[in-house]
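K.L.:
File entry.pdb below, PDB, C-alpha atoms and all ligand atoms:
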ATOM      1  CA  MET X   1     -24.699 -10.451  11.827  1.00  0.00           C
ATOM      2  CA  GLU X   2     -24.087 -12.804  14.718  1.00  0.00           C
ATOM      3  CA  LYS X   3     -25.644 -15.630  12.758  1.00  0.00           C
ATOM      4  CA  LYS X   4     -23.351 -14.955   9.815  1.00  0.00           C
ATOM      5  CA  GLU X   5     -20.257 -15.070  12.036  1.00  0.00           C
ATOM      6  CA  LEU X   6     -21.343 -18.375  13.510  1.00  0.00           C
ATOM      7  CA  SER X   7     -21.887 -19.911  10.097  1.00  0.00           C
ATOM      8  CA  ASP X   8     -18.452 -18.648   9.006  1.00  0.00           C
ATOM      9  CA  MET X   9     -16.911 -20.724  11.779  1.00  0.00           C
ATOM     10  CA  ASN X  10     -18.222 -23.903  10.248  1.00  0.00           C
ATOM     11  CA  PRO X  11     -15.478 -25.487   8.129  1.00  0.00           C
ATOM     12  CA  LEU X  12     -18.097 -26.701   5.640  1.00  0.00           C
ATOM     13  CA  TYR X  13     -20.399 -24.630   3.478  1.00  0.00           C
ATOM     14  CA  ASP X  14     -23.156 -25.493   1.036  1.00  0.00           C
ATOM     15  CA  LYS X  15     -22.511 -25.113  -2.626  1.00  0.00           C
ATOM     16  CA  LYS X  16     -25.507 -24.996  -4.955  1.00  0.00           C
ATOM     17  CA  VAL X  17     -25.254 -27.293  -7.939  1.00  0.00           C
ATOM     18  CA  GLN X  18     -27.503 -28.423 -10.726  1.00  0.00           C
ATOM     19  CA  CYS X  19     -27.601 -32.059 -11.748  1.00  0.00           C
ATOM     20  CA  PRO X  20     -26.692 -32.361 -15.446  1.00  0.00           C
ATOM     21  CA  VAL X  21     -28.948 -35.418 -15.792  1.00  0.00           C
ATOM     22  CA  CYS X  22     -32.257 -34.535 -14.059  1.00  0.00           C
ATOM     23  CA  ASN X  23     -31.690 -30.747 -13.625  1.00  0.00           C
ATOM     24  CA  HIS X  24     -32.439 -31.001  -9.893  1.00  0.00           C
ATOM     25  CA  LEU X  25     -30.978 -28.111  -7.890  1.00  0.00           C
ATOM     26  CA  PHE X  26     -29.325 -29.202  -4.666  1.00  0.00           C
ATOM     27  CA  SER X  27     -26.493 -28.279  -2.337  1.00  0.00           C
ATOM     28  CA  SER X  28     -23.344 -30.230  -1.679  1.00  0.00           C
ATOM     29  CA  LYS X  29     -20.767 -29.544   1.047  1.00  0.00           C
ATOM     30  CA  LYS X  30     -17.373 -28.018   0.360  1.00  0.00           C
ATOM     31  CA  VAL X  31     -14.553 -27.204   2.814  1.00  0.00           C
ATOM     32  CA  ARG X  32     -13.751 -23.517   3.377  1.00  0.00           C
ATOM     33  CA  THR X  33     -10.206 -22.809   2.179  1.00  0.00           C
ATOM     34  CA  ARG X  34      -8.929 -21.576   5.526  1.00  0.00           C
ATOM     35  CA  PHE X  35      -9.830 -24.879   7.188  1.00  0.00           C
ATOM     36  CA  ILE X  36      -7.863 -26.941   4.656  1.00  0.00           C
ATOM     37  CA  LYS X  37      -4.691 -28.015   6.431  1.00  0.00           C
ATOM     38  CA  SER X  38      -2.689 -30.604   4.536  1.00  0.00           C
ATOM     39  CA  SER X  39       0.327 -32.221   6.162  1.00  0.00           C
ATOM     40  CA  ARG X  40       2.248 -32.310   2.869  1.00  0.00           C
ATOM     41  CA  THR X  41       1.910 -31.944  -0.897  1.00  0.00           C
ATOM     42  CA  ASP X  42       3.503 -34.658  -3.032  1.00  0.00           C
ATOM     43  CA  SER X  43       5.239 -34.484  -6.409  1.00  0.00           C
ATOM     44  CA  ASP X  44       1.951 -35.423  -8.144  1.00  0.00           C
ATOM     45  CA  PHE X  45       0.226 -32.537  -6.262  1.00  0.00           C
ATOM     46  CA  GLY X  46      -1.530 -34.981  -3.941  1.00  0.00           C
ATOM     47  CA  MET X  47      -2.336 -33.325  -0.622  1.00  0.00           C
ATOM     48  CA  LEU X  48      -2.096 -35.547   2.411  1.00  0.00           C
ATOM     49  CA  PHE X  49      -4.294 -35.044   5.460  1.00  0.00           C
ATOM     50  CA  ALA X  50      -4.195 -36.442   8.973  1.00  0.00           C
ATOM     51  CA  ARG X  51      -6.362 -39.542   9.271  1.00  0.00           C
ATOM     52  CA  ASP X  52      -8.754 -37.895  11.720  1.00  0.00           C
ATOM     53  CA  ASP X  53      -9.009 -34.651   9.716  1.00  0.00           C
ATOM     54  CA  MET X  54     -12.649 -34.394   8.708  1.00  0.00           C
ATOM     55  CA  ASN X  55     -11.986 -31.227   6.695  1.00  0.00           C
ATOM     56  CA  ASN X  56     -10.304 -33.137   3.909  1.00  0.00           C
ATOM     57  CA  PRO X  57     -11.444 -31.435   0.664  1.00  0.00           C
ATOM     58  CA  LEU X  58     -11.117 -34.752  -1.211  1.00  0.00           C
ATOM     59  CA  PHE X  59     -14.137 -35.975   0.793  1.00  0.00           C
ATOM     60  CA  TYR X  60     -16.272 -33.387  -1.037  1.00  0.00           C
ATOM     61  CA  TYR X  61     -14.829 -33.459  -4.548  1.00  0.00           C
ATOM     62  CA  VAL X  62     -17.749 -35.447  -5.933  1.00  0.00           C
ATOM     63  CA  MET X  63     -21.360 -34.271  -5.938  1.00  0.00           C
ATOM     64  CA  VAL X  64     -24.138 -36.858  -5.739  1.00  0.00           C
ATOM     65  CA  CYS X  65     -27.600 -35.852  -6.955  1.00  0.00           C
ATOM     66  CA  PRO X  66     -30.113 -36.828  -4.233  1.00  0.00           C
ATOM     67  CA  GLN X  67     -32.885 -37.116  -6.827  1.00  0.00           C
ATOM     68  CA  CYS X  68     -31.391 -39.375  -9.520  1.00  0.00           C
ATOM     69  CA  GLY X  69     -28.117 -40.581  -7.954  1.00  0.00           C
ATOM     70  CA  PHE X  70     -25.922 -39.321 -10.778  1.00  0.00           C
ATOM     71  CA  SER X  71     -22.471 -38.463  -9.361  1.00  0.00           C
ATOM     72  CA  PHE X  72     -20.055 -35.991 -10.872  1.00  0.00           C
ATOM     73  CA  SER X  73     -17.214 -33.563 -10.379  1.00  0.00           C
ATOM     74  CA  GLU X  74     -17.002 -29.985 -11.604  1.00  0.00           C
ATOM     75  CA  ASP X  75     -15.387 -31.306 -14.787  1.00  0.00           C
ATOM     76  CA  VAL X  76     -18.615 -33.035 -15.831  1.00  0.00           C
ATOM     77  CA  LYS X  77     -19.464 -32.911 -19.504  1.00  0.00           C
ATOM     78  CA  ARG X  78     -22.574 -30.802 -20.154  1.00  0.00           C
ATOM     79  CA  PRO X  79     -25.082 -31.259 -21.706  1.00  0.00           C
ATOM     80  CA  VAL X  80     -25.642 -34.963 -21.115  1.00  0.00           C
ATOM     81  CA  PRO X  81     -27.315 -36.577 -24.170  1.00  0.00           C
ATOM     82  CA  GLN X  82     -30.790 -38.088 -23.675  1.00  0.00           C
ATOM     83  CA  THR X  83     -29.620 -41.659 -24.426  1.00  0.00           C
ATOM     84  CA  ALA X  84     -27.038 -41.329 -21.628  1.00  0.00           C
ATOM     85  CA  LYS X  85     -29.704 -39.923 -19.274  1.00  0.00           C
ATOM     86  CA  ASP X  86     -31.835 -43.001 -19.981  1.00  0.00           C
ATOM     87  CA  ARG X  87     -28.893 -45.253 -19.096  1.00  0.00           C
ATOM     88  CA  VAL X  88     -28.422 -43.387 -15.795  1.00  0.00           C
ATOM     89  CA  LYS X  89     -32.086 -43.931 -14.929  1.00  0.00           C
ATOM     90  CA  ILE X  90     -31.912 -47.682 -15.518  1.00  0.00           C
ATOM     91  CA  GLU X  91     -28.467 -48.314 -14.036  1.00  0.00           C
ATOM     92  CA  ILE X  92     -28.430 -45.835 -11.136  1.00  0.00           C
ATOM     93  CA  THR X  93     -31.767 -44.164 -10.303  1.00  0.00           C
ATOM     94  CA  ASP X  94     -33.842 -47.356 -10.349  1.00  0.00           C
ATOM     95  CA  LYS X  95     -31.322 -49.101  -8.066  1.00  0.00           C
ATOM     96  CA  MET X  96     -30.750 -46.157  -5.719  1.00  0.00           C
ATOM     97  CA  ASP X  97     -30.423 -46.532  -1.950  1.00  0.00           C
ATOM     98  CA  ASN X  98     -32.367 -43.526  -0.642  1.00  0.00           C
ATOM     99  CA  ASN X  99     -31.156 -44.000   2.914  1.00  0.00           C
ATOM    100  CA  ILE X 100     -27.722 -42.544   2.273  1.00  0.00           C
ATOM    101  CA  ASP X 101     -27.418 -38.762   2.355  1.00  0.00           C
ATOM    102  CA  TYR X 102     -24.338 -37.698   0.418  1.00  0.00           C
ATOM    103  CA  CYS X 103     -25.258 -34.013   0.659  1.00  0.00           C
ATOM    104  CA  GLY X 104     -24.264 -33.763   4.327  1.00  0.00           C
ATOM    105  CA  GLU X 105     -20.982 -34.432   6.131  1.00  0.00           C
ATOM    106  CA  ARG X 106     -18.926 -37.346   4.814  1.00  0.00           C
ATOM    107  CA  ASP X 107     -16.366 -39.668   6.286  1.00  0.00           C
ATOM    108  CA  PHE X 108     -13.692 -41.670   4.482  1.00  0.00           C
ATOM    109  CA  SER X 109     -15.876 -44.567   3.426  1.00  0.00           C
ATOM    110  CA  MET X 110     -18.647 -42.289   2.138  1.00  0.00           C
ATOM    111  CA  ALA X 111     -16.069 -40.291   0.186  1.00  0.00           C
ATOM    112  CA  GLU X 112     -14.611 -43.490  -1.271  1.00  0.00           C
ATOM    113  CA  LYS X 113     -18.121 -44.521  -2.356  1.00  0.00           C
ATOM    114  CA  THR X 114     -18.754 -41.139  -4.051  1.00  0.00           C
ATOM    115  CA  PHE X 115     -15.626 -41.535  -6.198  1.00  0.00           C
ATOM    116  CA  LYS X 116     -16.692 -44.990  -7.320  1.00  0.00           C
ATOM    117  CA  LEU X 117     -20.192 -43.687  -8.078  1.00  0.00           C
ATOM    118  CA  ALA X 118     -18.717 -40.826 -10.106  1.00  0.00           C
ATOM    119  CA  ILE X 119     -16.475 -43.170 -12.092  1.00  0.00           C
ATOM    120  CA  TYR X 120     -19.457 -45.403 -12.820  1.00  0.00           C
ATOM    121  CA  SER X 121     -21.677 -42.412 -13.671  1.00  0.00           C
ATOM    122  CA  GLY X 122     -18.958 -41.110 -15.980  1.00  0.00           C
ATOM    123  CA  GLN X 123     -18.810 -44.432 -17.798  1.00  0.00           C
ATOM    124  CA  LEU X 124     -22.561 -44.272 -18.414  1.00  0.00           C
ATOM    125  CA  ILE X 125     -22.406 -40.836 -20.050  1.00  0.00           C
ATOM    126  CA  GLY X 126     -19.067 -41.262 -21.877  1.00  0.00           C
ATOM    127  CA  GLU X 127     -17.298 -38.707 -19.689  1.00  0.00           C
ATOM    128  CA  LYS X 128     -14.143 -36.880 -20.856  1.00  0.00           C
ATOM    129  CA  HIS X 129     -10.807 -38.572 -20.142  1.00  0.00           C
ATOM    130  CA  ILE X 130      -9.558 -35.549 -18.208  1.00  0.00           C
ATOM    131  CA  ALA X 131     -12.489 -35.884 -15.775  1.00  0.00           C
ATOM    132  CA  PHE X 132     -11.761 -39.607 -15.245  1.00  0.00           C
ATOM    133  CA  ALA X 133      -8.053 -38.828 -14.788  1.00  0.00           C
ATOM    134  CA  ARG X 134      -8.803 -36.315 -12.026  1.00  0.00           C
ATOM    135  CA  LEU X 135     -11.273 -38.644 -10.302  1.00  0.00           C
ATOM    136  CA  CYS X 136      -8.891 -41.625 -10.339  1.00  0.00           C
ATOM    137  CA  LEU X 137      -5.974 -39.498  -9.174  1.00  0.00           C
ATOM    138  CA  ARG X 138      -7.918 -38.086  -6.228  1.00  0.00           C
ATOM    139  CA  LEU X 139      -9.159 -41.494  -5.196  1.00  0.00           C
ATOM    140  CA  ALA X 140      -5.517 -42.683  -5.292  1.00  0.00           C
ATOM    141  CA  TRP X 141      -4.558 -39.766  -2.979  1.00  0.00           C
ATOM    142  CA  LEU X 142      -7.356 -40.727  -0.605  1.00  0.00           C
ATOM    143  CA  TYR X 143      -5.904 -44.255  -0.393  1.00  0.00           C
ATOM    144  CA  ARG X 144      -2.380 -42.861   0.003  1.00  0.00           C
ATOM    145  CA  GLY X 145      -3.618 -40.953   3.036  1.00  0.00           C
ATOM    146  CA  ILE X 146      -4.579 -44.181   4.780  1.00  0.00           C
ATOM    147  CA  GLU X 147      -1.602 -46.121   3.363  1.00  0.00           C
ATOM    148  CA  LYS X 148      -3.648 -48.500   1.239  1.00  0.00           C
ATOM    149  CA  ARG X 149      -0.785 -48.884  -1.209  1.00  0.00           C
ATOM    150  CA  GLU X 150      -2.313 -51.513  -3.473  1.00  0.00           C
ATOM    151  CA  GLU X 151      -5.499 -49.503  -4.015  1.00  0.00           C
ATOM    152  CA  GLU X 152      -3.497 -46.316  -4.449  1.00  0.00           C
ATOM    153  CA  MET X 153      -1.444 -47.904  -7.242  1.00  0.00           C
ATOM    154  CA  ARG X 154      -4.515 -49.372  -8.905  1.00  0.00           C
ATOM    155  CA  PHE X 155      -6.011 -45.901  -9.298  1.00  0.00           C
ATOM    156  CA  ILE X 156      -2.673 -44.269 -10.236  1.00  0.00           C
ATOM    157  CA  LYS X 157      -2.514 -46.765 -13.092  1.00  0.00           C
ATOM    158  CA  LEU X 158      -6.036 -45.850 -14.221  1.00  0.00           C
ATOM    159  CA  ALA X 159      -5.262 -42.128 -13.862  1.00  0.00           C
ATOM    160  CA  VAL X 160      -2.152 -42.352 -16.042  1.00  0.00           C
ATOM    161  CA  SER X 161      -3.991 -44.100 -18.851  1.00  0.00           C
ATOM    162  CA  GLU X 162      -6.791 -41.486 -18.685  1.00  0.00           C
ATOM    163  CA  PHE X 163      -4.216 -38.656 -18.786  1.00  0.00           C
ATOM    164  CA  GLU X 164      -2.643 -40.344 -21.835  1.00  0.00           C
ATOM    165  CA  GLN X 165      -6.027 -40.599 -23.562  1.00  0.00           C
ATOM    166  CA  SER X 166      -6.830 -37.005 -22.657  1.00  0.00           C
ATOM    167  CA  TYR X 167      -3.516 -35.910 -24.187  1.00  0.00           C
ATOM    168  CA  ILE X 168      -4.061 -37.959 -27.379  1.00  0.00           C
ATOM    169  CA  ASN X 169      -7.671 -36.764 -27.794  1.00  0.00           C
ATOM    170  CA  SER X 170      -7.015 -33.199 -26.537  1.00  0.00           C
ATOM    171  CA  ASP X 171     -10.151 -33.310 -24.402  1.00  0.00           C
ATOM    172  CA  PHE X 172      -8.795 -30.911 -21.767  1.00  0.00           C
ATOM    173  CA  ASN X 173      -9.266 -27.157 -21.661  1.00  0.00           C
ATOM    174  CA  PRO X 174      -5.780 -25.636 -22.167  1.00  0.00           C
ATOM    175  CA  GLU X 175      -6.902 -22.452 -20.385  1.00  0.00           C
ATOM    176  CA  ASN X 176      -7.084 -24.155 -16.999  1.00  0.00           C
ATOM    177  CA  THR X 177      -5.097 -27.319 -17.764  1.00  0.00           C
ATOM    178  CA  PRO X 178      -1.851 -26.620 -19.651  1.00  0.00           C
ATOM    179  CA  GLU X 179      -0.681 -29.432 -21.918  1.00  0.00           C
ATOM    180  CA  ILE X 180       2.680 -29.339 -20.155  1.00  0.00           C
ATOM    181  CA  TYR X 181       0.926 -30.224 -16.878  1.00  0.00           C
ATOM    182  CA  ILE X 182      -0.636 -33.315 -18.526  1.00  0.00           C
ATOM    183  CA  LEU X 183       2.790 -34.396 -19.833  1.00  0.00           C
ATOM    184  CA  TYR X 184       4.367 -33.869 -16.414  1.00  0.00           C
ATOM    185  CA  MET X 185       1.627 -35.937 -14.755  1.00  0.00           C
ATOM    186  CA  ILE X 186       2.040 -38.815 -17.240  1.00  0.00           C
ATOM    187  CA  GLY X 187       5.770 -38.802 -16.469  1.00  0.00           C
ATOM    188  CA  GLU X 188       5.394 -38.578 -12.706  1.00  0.00           C
ATOM    189  CA  LEU X 189       2.640 -41.197 -12.434  1.00  0.00           C
ATOM    190  CA  ASN X 190       4.680 -43.581 -14.590  1.00  0.00           C
ATOM    191  CA  ARG X 191       7.665 -42.998 -12.281  1.00  0.00           C
ATOM    192  CA  ARG X 192       5.490 -43.904  -9.298  1.00  0.00           C
ATOM    193  CA  LEU X 193       4.426 -47.089 -11.093  1.00  0.00           C
ATOM    194  CA  GLY X 194       8.072 -48.012 -11.707  1.00  0.00           C
ATOM    195  CA  ASN X 195       7.832 -47.437 -15.492  1.00  0.00           C
ATOM    196  CA  HIS X 196      11.060 -45.452 -15.578  1.00  0.00           C
ATOM    197  CA  ASN X 197      11.598 -45.402 -19.352  1.00  0.00           C
ATOM    198  CA  GLU X 198       8.148 -43.975 -19.932  1.00  0.00           C
ATOM    199  CA  ALA X 199       8.669 -41.467 -17.122  1.00  0.00           C
ATOM    200  CA  LEU X 200      11.950 -40.214 -18.625  1.00  0.00           C
ATOM    201  CA  LYS X 201      10.357 -39.869 -22.052  1.00  0.00           C
ATOM    202  CA  TYR X 202       7.566 -37.651 -20.708  1.00  0.00           C
ATOM    203  CA  PHE X 203       9.840 -35.600 -18.441  1.00  0.00           C
ATOM    204  CA  ALA X 204      11.948 -34.867 -21.535  1.00  0.00           C
ATOM    205  CA  SER X 205       8.830 -33.724 -23.417  1.00  0.00           C
ATOM    206  CA  VAL X 206       8.141 -31.285 -20.553  1.00  0.00           C
ATOM    207  CA  THR X 207      11.655 -29.792 -20.579  1.00  0.00           C
ATOM    208  CA  GLU X 208      11.551 -29.460 -24.383  1.00  0.00           C
ATOM    209  CA  HIS X 209       7.981 -28.190 -24.609  1.00  0.00           C
ATOM    210  CA  PRO X 210       7.327 -25.009 -26.670  1.00  0.00           C
ATOM    211  CA  ASP X 211       5.466 -23.505 -23.664  1.00  0.00           C
ATOM    212  CA  LYS X 212       8.270 -24.238 -21.190  1.00  0.00           C
ATOM    213  CA  SER X 213       9.133 -20.579 -20.494  1.00  0.00           C
ATOM    214  CA  ARG X 214       5.543 -19.912 -19.382  1.00  0.00           C
ATOM    215  CA  ASN X 215       5.476 -23.016 -17.163  1.00  0.00           C
ATOM    216  CA  VAL X 216       8.773 -22.931 -15.282  1.00  0.00           C
ATOM    217  CA  LYS X 217       7.218 -24.698 -12.290  1.00  0.00           C
ATOM    218  CA  TYR X 218       6.542 -27.890 -14.275  1.00  0.00           C
ATOM    219  CA  VAL X 219       9.910 -27.722 -16.056  1.00  0.00           C
ATOM    220  CA  ASN X 220      11.754 -27.531 -12.715  1.00  0.00           C
ATOM    221  CA  MET X 221       9.670 -30.332 -11.255  1.00  0.00           C
ATOM    222  CA  ALA X 222      10.277 -32.489 -14.360  1.00  0.00           C
ATOM    223  CA  ARG X 223      14.048 -31.937 -13.997  1.00  0.00           C
ATOM    224  CA  ASN X 224      13.988 -32.985 -10.338  1.00  0.00           C
ATOM    225  CA  GLN X 225      11.801 -36.017 -10.963  1.00  0.00           C
ATOM    226  CA  TRP X 226      13.981 -36.962 -13.963  1.00  0.00           C
ATOM    227  CA  LYS X 227      16.997 -37.190 -11.612  1.00  0.00           C
ATOM    228  CA  LEU X 228      14.973 -39.207  -9.127  1.00  0.00           C
ATOM    229  CA  ALA X 229      13.758 -41.575 -11.861  1.00  0.00           C
ATOM    230  CA  VAL X 230      17.355 -42.170 -13.030  1.00  0.00           C
ATOM    231  CA  GLU X 231      18.468 -42.914  -9.443  1.00  0.00           C
ATOM    232  CA  GLU X 232      15.555 -45.281  -8.912  1.00  0.00           C
ATOM    233  CA  TYR X 233      16.277 -47.013 -12.210  1.00  0.00           C
ATOM    234  CA  LYS X 234      19.942 -47.536 -11.273  1.00  0.00           C
ATOM    235  CA  ALA X 235      18.982 -48.840  -7.828  1.00  0.00           C
ATOM    236  CA  LYS X 236      16.591 -51.347  -9.391  1.00  0.00           C
ATOM    237  CA  LYS X 237      19.246 -52.867 -11.680  1.00  0.00           C
TER     238      LYS X 237
HETATM  239 ZN    ZN A   1     -30.056 -35.813 -10.812  1.00  0.00          ZN
END
Show me this structure written as structure tokens.
P.N.:
Amino acid sequence: MEKKELSDMNPLYDKKVQCPVCNHLFSSKKVRTRFIKSSRTDSDFGMLFARDDMNNPLFYYVMVCPQCGFSFSEDVKRPVPQTAKDRVKIEITDKMDNNIDYCGERDFSMAEKTFKLAIYSGQLIGEKHIAFARLCLRLAWLYRGIEKREEEMRFIKLAVSEFEQSYINSDFNPENTPEIYILYMIGELNRRLGNHNEALKYFASVTEHPDKSRNVKYVNMARNQWKLAVEEYKAKK
């Protein structure tokens, strides 16, 4: 009993996962919900954390298989075809640095590395656009947290094009990712990039969407961000 209470006080817990490439079972850290304390949530749902906050859940978004090095998020496409597994072996496993333990606690630079590994791993297996969009967006938030504006914008740009591709190819699961959310994100990320015409077009598709009555949150946010985009556009001229 006492032992259980002690372990409950640890902000991190181990989550068991199975590697979709080599089937290895391993555990990766996650942050317990009650220890997640963001300083603000932005209009693209990015949560910001204090620089010295080691309980940043973004640090643990990606899982890195200690056996083959394949890195992935919970959105990973399963099963991974054999030809893709062979590519992972040549490009990742054979070049792996076994001295780094990604299954334990992580700091900013380790977290940054895991996102880049996951993006690369995803490219090798032909990952879904929605998974790339989420990875790029979270890496952008990580950079926003340390005010690395150029890097943040680089990954926002990649995220928006992945959201667009996901929308065009319908590779998202509408049960946990409503289409209206994707449209809102394309609008909002374009606004952040200064592409105001594109932003307005997508915000309009949110407010006119057939599912708007079931997704009032996104409709209200699209209306607010529409106004902001118009103001920003006028200020730019
Ligand atoms: Zn593996």
K.L.:
Dump as a PDB file with C-alpha atoms, in the coordinates of the input all residues having an atom at most 9 Å from (-4.1, -39.0, -6.0), computed in the file's coordinates with all atoms listed in the file.
P.N.:
ATOM      1  CA  ASP X  44       1.951 -35.423  -8.144  1.00  0.00           C
ATOM      2  CA  PHE X  45       0.226 -32.537  -6.262  1.00  0.00           C
ATOM      3  CA  GLY X  46      -1.530 -34.981  -3.941  1.00  0.00           C
ATOM      4  CA  MET X  47      -2.336 -33.325  -0.622  1.00  0.00           C
ATOM      5  CA  ARG X 134      -8.803 -36.315 -12.026  1.00  0.00           C
ATOM      6  CA  LEU X 135     -11.273 -38.644 -10.302  1.00  0.00           C
ATOM      7  CA  CYS X 136      -8.891 -41.625 -10.339  1.00  0.00           C
ATOM      8  CA  LEU X 137      -5.974 -39.498  -9.174  1.00  0.00           C
ATOM      9  CA  ARG X 138      -7.918 -38.086  -6.228  1.00  0.00           C
ATOM     10  CA  LEU X 139      -9.159 -41.494  -5.196  1.00  0.00           C
ATOM     11  CA  ALA X 140      -5.517 -42.683  -5.292  1.00  0.00           C
ATOM     12  CA  TRP X 141      -4.558 -39.766  -2.979  1.00  0.00           C
ATOM     13  CA  LEU X 142      -7.356 -40.727  -0.605  1.00  0.00           C
ATOM     14  CA  TYR X 143      -5.904 -44.255  -0.393  1.00  0.00           C
ATOM     15  CA  ARG X 144      -2.380 -42.861   0.003  1.00  0.00           C
ATOM     16  CA  GLU X 152      -3.497 -46.316  -4.449  1.00  0.00           C
ATOM     17  CA  PHE X 155      -6.011 -45.901  -9.298  1.00  0.00           C
ATOM     18  CA  ILE X 156      -2.673 -44.269 -10.236  1.00  0.00           C
ATOM     19  CA  ALA X 159      -5.262 -42.128 -13.862  1.00  0.00           C
TER      20      ALA X 159
END
K.L.:
Can you report as lines of an AutoDock Vina configuration file the centre and edge lengths in Å, to one decimal, of an axis-aligned box around the listed atoms of segment 169-176 of chain X padded with 3 Å on each side?
P.N.:
center_x = -8.0
center_y = -29.6
center_z = -22.4
size_x = 10.4
size_y = 20.3
size_z = 16.8
K.L.:
Report, in Å with one decimal, the straight-line distance from atom CA of Leu25 of chain X to atom CA of Glu175 of chain X.
P.N.:
27.7 Å
K.L.:
Would you compute the distance between atom CA of Asp107 of chain X and atom CA of Thr177 of chain X? Give it in Å to one decimal.
P.N.:
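About the pair atom CA of Asp107 of chain X and atom CA of Thr177 of chain X: they are 29.3 Å apart.
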K.L.:
Have a look at atom CA of Lys237 of chain X and atom CA of His196 of chain X and let me know their distance in Å, one decimal.
P.N.:
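Pair atom CA of Lys237 of chain X / atom CA of His196 of chain X returns 11.7 Å.
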K.L.:
Taking all atoms listed in the file into account, list the residues no farther than 6 Å from ligand ZN 1 (chain A), as a ChimeraX atom specification.
P.N.:
/X:19,21-22,24,65,67-70
